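What follows is upload.txt (compact mmCIF, N, CA and C atoms).
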```
# COMPACT_ATOMS: atom_id res chain seq x y z
N MET A 496 -5.78 121.34 -31.14
CA MET A 496 -5.42 122.71 -31.37
C MET A 496 -6.41 123.29 -32.38
N GLY A 497 -6.67 124.57 -32.27
CA GLY A 497 -7.59 125.20 -33.19
C GLY A 497 -7.47 126.70 -33.17
N VAL A 498 -8.01 127.33 -34.19
CA VAL A 498 -8.04 128.78 -34.30
C VAL A 498 -9.48 129.18 -34.58
N ALA A 499 -9.94 130.21 -33.90
CA ALA A 499 -11.28 130.73 -34.11
C ALA A 499 -11.18 132.23 -34.38
N PHE A 500 -12.16 132.74 -35.13
CA PHE A 500 -12.13 134.14 -35.51
C PHE A 500 -13.11 135.00 -34.73
N ASN A 501 -13.89 134.37 -33.84
CA ASN A 501 -14.76 135.11 -32.94
C ASN A 501 -15.11 134.22 -31.76
N GLY A 502 -15.70 134.80 -30.74
CA GLY A 502 -15.98 134.05 -29.52
C GLY A 502 -16.92 132.88 -29.71
N ALA A 503 -17.95 133.06 -30.53
CA ALA A 503 -18.91 131.98 -30.77
C ALA A 503 -18.23 130.80 -31.46
N GLU A 504 -17.38 131.09 -32.42
CA GLU A 504 -16.65 130.03 -33.11
C GLU A 504 -15.69 129.33 -32.15
N ALA A 505 -15.07 130.08 -31.26
CA ALA A 505 -14.15 129.49 -30.27
C ALA A 505 -14.89 128.48 -29.41
N ILE A 506 -16.05 128.85 -28.93
CA ILE A 506 -16.84 127.94 -28.08
C ILE A 506 -17.21 126.68 -28.85
N GLU A 507 -17.66 126.86 -30.07
CA GLU A 507 -18.05 125.72 -30.91
C GLU A 507 -16.86 124.78 -31.13
N LYS A 508 -15.71 125.34 -31.46
CA LYS A 508 -14.53 124.51 -31.73
C LYS A 508 -14.03 123.81 -30.48
N VAL A 509 -14.02 124.50 -29.36
CA VAL A 509 -13.55 123.89 -28.11
C VAL A 509 -14.40 122.69 -27.74
N HIS A 510 -15.70 122.80 -27.92
CA HIS A 510 -16.58 121.68 -27.57
C HIS A 510 -16.37 120.47 -28.46
N LYS A 511 -15.86 120.67 -29.67
CA LYS A 511 -15.60 119.56 -30.59
C LYS A 511 -14.22 118.94 -30.39
N LEU A 512 -13.31 119.68 -29.77
CA LEU A 512 -11.94 119.19 -29.60
C LEU A 512 -11.86 118.08 -28.57
N GLU A 513 -11.10 117.07 -28.89
CA GLU A 513 -10.77 116.01 -27.93
C GLU A 513 -9.31 115.68 -28.10
N PRO A 514 -8.52 115.75 -27.08
CA PRO A 514 -8.88 116.20 -25.75
C PRO A 514 -9.13 117.71 -25.73
N LYS A 515 -9.76 118.17 -24.67
CA LYS A 515 -10.03 119.59 -24.50
C LYS A 515 -8.72 120.34 -24.27
N PRO A 516 -8.65 121.59 -24.72
CA PRO A 516 -7.42 122.35 -24.53
C PRO A 516 -7.16 122.67 -23.06
N ASP A 517 -5.89 122.68 -22.70
CA ASP A 517 -5.50 123.08 -21.35
C ASP A 517 -5.44 124.60 -21.24
N ILE A 518 -5.03 125.25 -22.33
CA ILE A 518 -4.86 126.70 -22.34
C ILE A 518 -5.52 127.27 -23.59
N ILE A 519 -6.23 128.37 -23.40
CA ILE A 519 -6.87 129.09 -24.50
C ILE A 519 -6.36 130.53 -24.47
N ILE A 520 -5.97 131.04 -25.62
CA ILE A 520 -5.57 132.44 -25.75
C ILE A 520 -6.75 133.17 -26.35
N MET A 521 -7.29 134.12 -25.59
CA MET A 521 -8.53 134.80 -25.96
C MET A 521 -8.30 136.29 -26.19
N ASP A 522 -8.78 136.78 -27.31
CA ASP A 522 -8.75 138.21 -27.59
C ASP A 522 -10.01 138.85 -27.02
N HIS A 523 -10.00 140.14 -26.84
CA HIS A 523 -11.15 140.83 -26.28
C HIS A 523 -12.17 141.21 -27.35
N ARG A 524 -11.74 142.02 -28.29
CA ARG A 524 -12.66 142.55 -29.29
C ARG A 524 -12.71 141.64 -30.51
N MET A 525 -13.87 141.02 -30.69
CA MET A 525 -14.09 140.13 -31.84
C MET A 525 -15.52 140.31 -32.32
N PRO A 526 -15.76 140.01 -33.58
CA PRO A 526 -17.15 140.07 -34.06
C PRO A 526 -17.97 138.91 -33.50
N VAL A 527 -19.25 138.99 -33.62
CA VAL A 527 -20.22 137.97 -33.22
C VAL A 527 -20.32 137.83 -31.70
N MET A 528 -19.23 137.47 -31.03
CA MET A 528 -19.21 137.36 -29.57
C MET A 528 -17.85 137.82 -29.08
N ASP A 529 -17.83 138.74 -28.11
CA ASP A 529 -16.58 139.26 -27.59
C ASP A 529 -15.89 138.25 -26.66
N GLY A 530 -14.65 138.54 -26.34
CA GLY A 530 -13.85 137.64 -25.52
C GLY A 530 -14.35 137.47 -24.10
N LEU A 531 -14.92 138.52 -23.51
CA LEU A 531 -15.44 138.41 -22.15
C LEU A 531 -16.59 137.41 -22.08
N THR A 532 -17.51 137.52 -23.02
CA THR A 532 -18.65 136.61 -23.05
C THR A 532 -18.19 135.18 -23.31
N ALA A 533 -17.28 135.02 -24.26
CA ALA A 533 -16.76 133.68 -24.58
C ALA A 533 -16.01 133.08 -23.39
N THR A 534 -15.24 133.91 -22.69
CA THR A 534 -14.51 133.42 -21.51
C THR A 534 -15.47 132.92 -20.45
N LYS A 535 -16.50 133.70 -20.16
CA LYS A 535 -17.49 133.28 -19.16
C LYS A 535 -18.12 131.94 -19.53
N GLU A 536 -18.51 131.80 -20.78
CA GLU A 536 -19.17 130.57 -21.21
C GLU A 536 -18.21 129.38 -21.17
N LEU A 537 -17.00 129.59 -21.63
CA LEU A 537 -16.03 128.49 -21.61
C LEU A 537 -15.69 128.06 -20.19
N LYS A 538 -15.50 129.01 -19.30
CA LYS A 538 -15.17 128.66 -17.91
C LYS A 538 -16.35 128.00 -17.21
N HIS A 539 -17.57 128.35 -17.60
CA HIS A 539 -18.75 127.74 -17.02
C HIS A 539 -18.83 126.25 -17.39
N LYS A 540 -18.43 125.92 -18.60
CA LYS A 540 -18.53 124.55 -19.08
C LYS A 540 -17.24 123.75 -18.93
N LEU A 541 -16.10 124.43 -18.96
CA LEU A 541 -14.80 123.76 -18.87
C LEU A 541 -14.00 124.40 -17.74
N HIS A 542 -14.29 124.01 -16.55
CA HIS A 542 -13.68 124.64 -15.37
C HIS A 542 -12.16 124.57 -15.37
N SER A 543 -11.61 123.51 -15.92
CA SER A 543 -10.16 123.31 -15.81
C SER A 543 -9.35 124.05 -16.87
N CYS A 544 -9.98 124.57 -17.92
CA CYS A 544 -9.20 125.27 -18.93
C CYS A 544 -8.71 126.60 -18.36
N ARG A 545 -7.51 126.96 -18.76
CA ARG A 545 -6.93 128.23 -18.33
C ARG A 545 -6.90 129.16 -19.53
N ILE A 546 -7.38 130.36 -19.32
CA ILE A 546 -7.50 131.32 -20.41
C ILE A 546 -6.55 132.49 -20.19
N ILE A 547 -5.77 132.76 -21.22
CA ILE A 547 -4.93 133.95 -21.25
C ILE A 547 -5.69 134.98 -22.06
N PHE A 548 -6.08 136.06 -21.43
CA PHE A 548 -6.90 137.09 -22.05
C PHE A 548 -5.97 138.21 -22.52
N ILE A 549 -6.10 138.58 -23.79
CA ILE A 549 -5.23 139.60 -24.37
C ILE A 549 -6.07 140.75 -24.92
N SER A 550 -5.70 141.98 -24.57
CA SER A 550 -6.43 143.14 -25.06
C SER A 550 -5.55 144.38 -25.01
N ALA A 551 -5.81 145.30 -25.92
CA ALA A 551 -5.16 146.61 -25.87
C ALA A 551 -5.88 147.52 -24.88
N ASP A 552 -7.05 147.11 -24.45
CA ASP A 552 -7.90 147.89 -23.54
C ASP A 552 -7.70 147.42 -22.10
N GLU A 553 -6.85 148.11 -21.37
CA GLU A 553 -6.55 147.71 -19.99
C GLU A 553 -7.74 147.84 -19.06
N THR A 554 -8.77 148.57 -19.46
CA THR A 554 -9.93 148.74 -18.58
C THR A 554 -10.73 147.45 -18.42
N VAL A 555 -10.48 146.44 -19.25
CA VAL A 555 -11.22 145.18 -19.14
C VAL A 555 -10.44 144.13 -18.34
N LYS A 556 -9.32 144.51 -17.77
CA LYS A 556 -8.51 143.54 -17.02
C LYS A 556 -9.30 142.89 -15.90
N GLU A 557 -9.90 143.69 -15.03
CA GLU A 557 -10.63 143.13 -13.89
C GLU A 557 -11.82 142.29 -14.36
N ALA A 558 -12.51 142.75 -15.39
CA ALA A 558 -13.66 142.00 -15.91
C ALA A 558 -13.21 140.66 -16.49
N SER A 559 -12.07 140.65 -17.16
CA SER A 559 -11.59 139.39 -17.75
C SER A 559 -11.20 138.40 -16.66
N LEU A 560 -10.56 138.88 -15.62
CA LEU A 560 -10.18 138.00 -14.51
C LEU A 560 -11.43 137.52 -13.76
N ALA A 561 -12.41 138.39 -13.59
CA ALA A 561 -13.66 138.00 -12.94
C ALA A 561 -14.43 136.99 -13.79
N ALA A 562 -14.27 137.07 -15.11
CA ALA A 562 -14.94 136.12 -16.01
C ALA A 562 -14.28 134.74 -15.98
N GLY A 563 -13.07 134.68 -15.42
CA GLY A 563 -12.40 133.39 -15.30
C GLY A 563 -11.04 133.29 -15.95
N ALA A 564 -10.57 134.37 -16.56
CA ALA A 564 -9.24 134.33 -17.17
C ALA A 564 -8.17 134.13 -16.09
N ALA A 565 -7.17 133.35 -16.43
CA ALA A 565 -6.06 133.10 -15.49
C ALA A 565 -5.05 134.23 -15.53
N LEU A 566 -4.87 134.82 -16.71
CA LEU A 566 -3.91 135.90 -16.89
C LEU A 566 -4.48 136.94 -17.84
N PHE A 567 -4.01 138.17 -17.68
CA PHE A 567 -4.37 139.26 -18.59
C PHE A 567 -3.08 139.86 -19.12
N ILE A 568 -2.98 139.99 -20.43
CA ILE A 568 -1.80 140.58 -21.07
C ILE A 568 -2.26 141.74 -21.94
N VAL A 569 -1.52 142.85 -21.85
CA VAL A 569 -1.82 144.03 -22.64
C VAL A 569 -1.12 143.94 -23.99
N LYS A 570 -1.89 144.22 -25.06
CA LYS A 570 -1.31 144.30 -26.41
C LYS A 570 -0.53 145.59 -26.53
N PRO A 571 0.47 145.63 -27.34
CA PRO A 571 0.97 144.54 -28.15
C PRO A 571 1.77 143.57 -27.28
N VAL A 572 1.72 142.31 -27.66
CA VAL A 572 2.42 141.27 -26.92
C VAL A 572 3.35 140.53 -27.87
N GLY A 573 4.59 140.34 -27.44
CA GLY A 573 5.56 139.61 -28.24
C GLY A 573 5.48 138.12 -27.96
N ILE A 574 6.07 137.35 -28.83
CA ILE A 574 6.03 135.90 -28.69
C ILE A 574 6.73 135.45 -27.41
N ALA A 575 7.81 136.10 -27.02
CA ALA A 575 8.52 135.71 -25.80
C ALA A 575 7.63 135.90 -24.57
N GLU A 576 6.90 137.01 -24.52
CA GLU A 576 6.00 137.27 -23.39
C GLU A 576 4.85 136.26 -23.38
N LEU A 577 4.33 135.95 -24.55
CA LEU A 577 3.23 135.00 -24.64
C LEU A 577 3.69 133.60 -24.22
N LEU A 578 4.87 133.19 -24.66
CA LEU A 578 5.40 131.88 -24.26
C LEU A 578 5.67 131.83 -22.76
N LYS A 579 6.15 132.92 -22.19
CA LYS A 579 6.37 132.98 -20.75
C LYS A 579 5.04 132.81 -20.00
N ALA A 580 3.99 133.44 -20.50
CA ALA A 580 2.67 133.32 -19.88
C ALA A 580 2.15 131.88 -19.96
N VAL A 581 2.27 131.27 -21.14
CA VAL A 581 1.85 129.88 -21.32
C VAL A 581 2.63 128.97 -20.38
N ASN A 582 3.93 129.14 -20.34
CA ASN A 582 4.77 128.31 -19.46
C ASN A 582 4.40 128.48 -18.00
N SER A 583 4.01 129.68 -17.59
CA SER A 583 3.66 129.91 -16.19
C SER A 583 2.38 129.13 -15.82
N LEU A 584 1.52 128.91 -16.80
CA LEU A 584 0.27 128.17 -16.53
C LEU A 584 0.47 126.66 -16.64
N VAL A 585 1.48 126.24 -17.36
CA VAL A 585 1.75 124.81 -17.53
C VAL A 585 2.38 124.24 -16.27
N LYS A 586 3.16 125.02 -15.59
CA LYS A 586 3.89 124.53 -14.40
C LYS A 586 2.99 124.35 -13.22
```

Can you dump the structure from the file as structure tokens?
Amino acid sequence: MGVAFNGAEAIEKVHKLEPKPDIIIMDHRMPVMDGLTATKELKHKLHSCRIIFISADETVKEASLAAGAALFIVKPVGIAELLKAVNSLVK
């Protein structure tokens, strides 16, 4: 498990984690590297990881799914909705 504060840090941390995460929760707007770029890179290297993409900007939904996100959730998101999304990917 890990927490990153930008897309570049997320990629770095994921590569160091063993075992690799099954699910990643990715934000859209972050400094250094945005969530779309990080999602593309993570999916390119870790095909089996499932990414839940979260953003207040609904216009990036299609781009996030095309980048490899399994789900797109619009902010604000409550813990119950987030847990439901995680559970849907675990099953």

Grab the CA of Pro571 (chain A) to CA of Ala551 (chain A) distance for me, in Å with one decimal place.
-> 6.9 Å

Per residue of region 524-566 of chain A within 8 Å of region 506-513 of chain A, record the nearest atom pair and its distance in Å to one decimal, counting all atoms listed in the file, with rows in chain order and ascending residue number, as JSON lines.
```
{"residue": "A:Ala533", "atom": "CA", "partner": "A:Ile506", "partner_atom": "N", "distance": 6.5}
{"residue": "A:Glu536", "atom": "C", "partner": "A:Ile506", "partner_atom": "CA", "distance": 7.2}
{"residue": "A:Leu537", "atom": "CA", "partner": "A:Ile506", "partner_atom": "CA", "distance": 6.5}
```

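As for atom N of Ile547 (chain A) and atom N of Gly563 (chain A), they are spaced 9.5 Å apart.
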
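Between CA of Cys544 (chain A) and CA of Ile518 (chain A) the interatomic distance comes to 5.7 Å.
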
Let me have the centre and edge lengths of the axis-aligned box enclosing all listed atoms of region 497-510 of chain A with 8 Å padding on every side, in Å to one decimal, as JSON.
```
{"center_x": -12.8, "center_y": 127.8, "center_z": -31.5, "size_x": 28.2, "size_y": 30.6, "size_z": 23.9}
```

Enumerate as a ChimeraX atom specification all residues of chain A assigned to helix (DSSP H, G or I) by DSSP on the backbone, naming them with the chain letters and numbers the document uses.
-> /A:502-511,530-540,553-562,574-585

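Backbone DSSP assigns strand (DSSP E) in chain A to Ile518, Ile519, Ile520, Met521, Asp522, Arg545, Ile546, Ile547, Phe548, Ile549, Ser550, Leu566, Phe567, Ile568 and Val569 of chain A.
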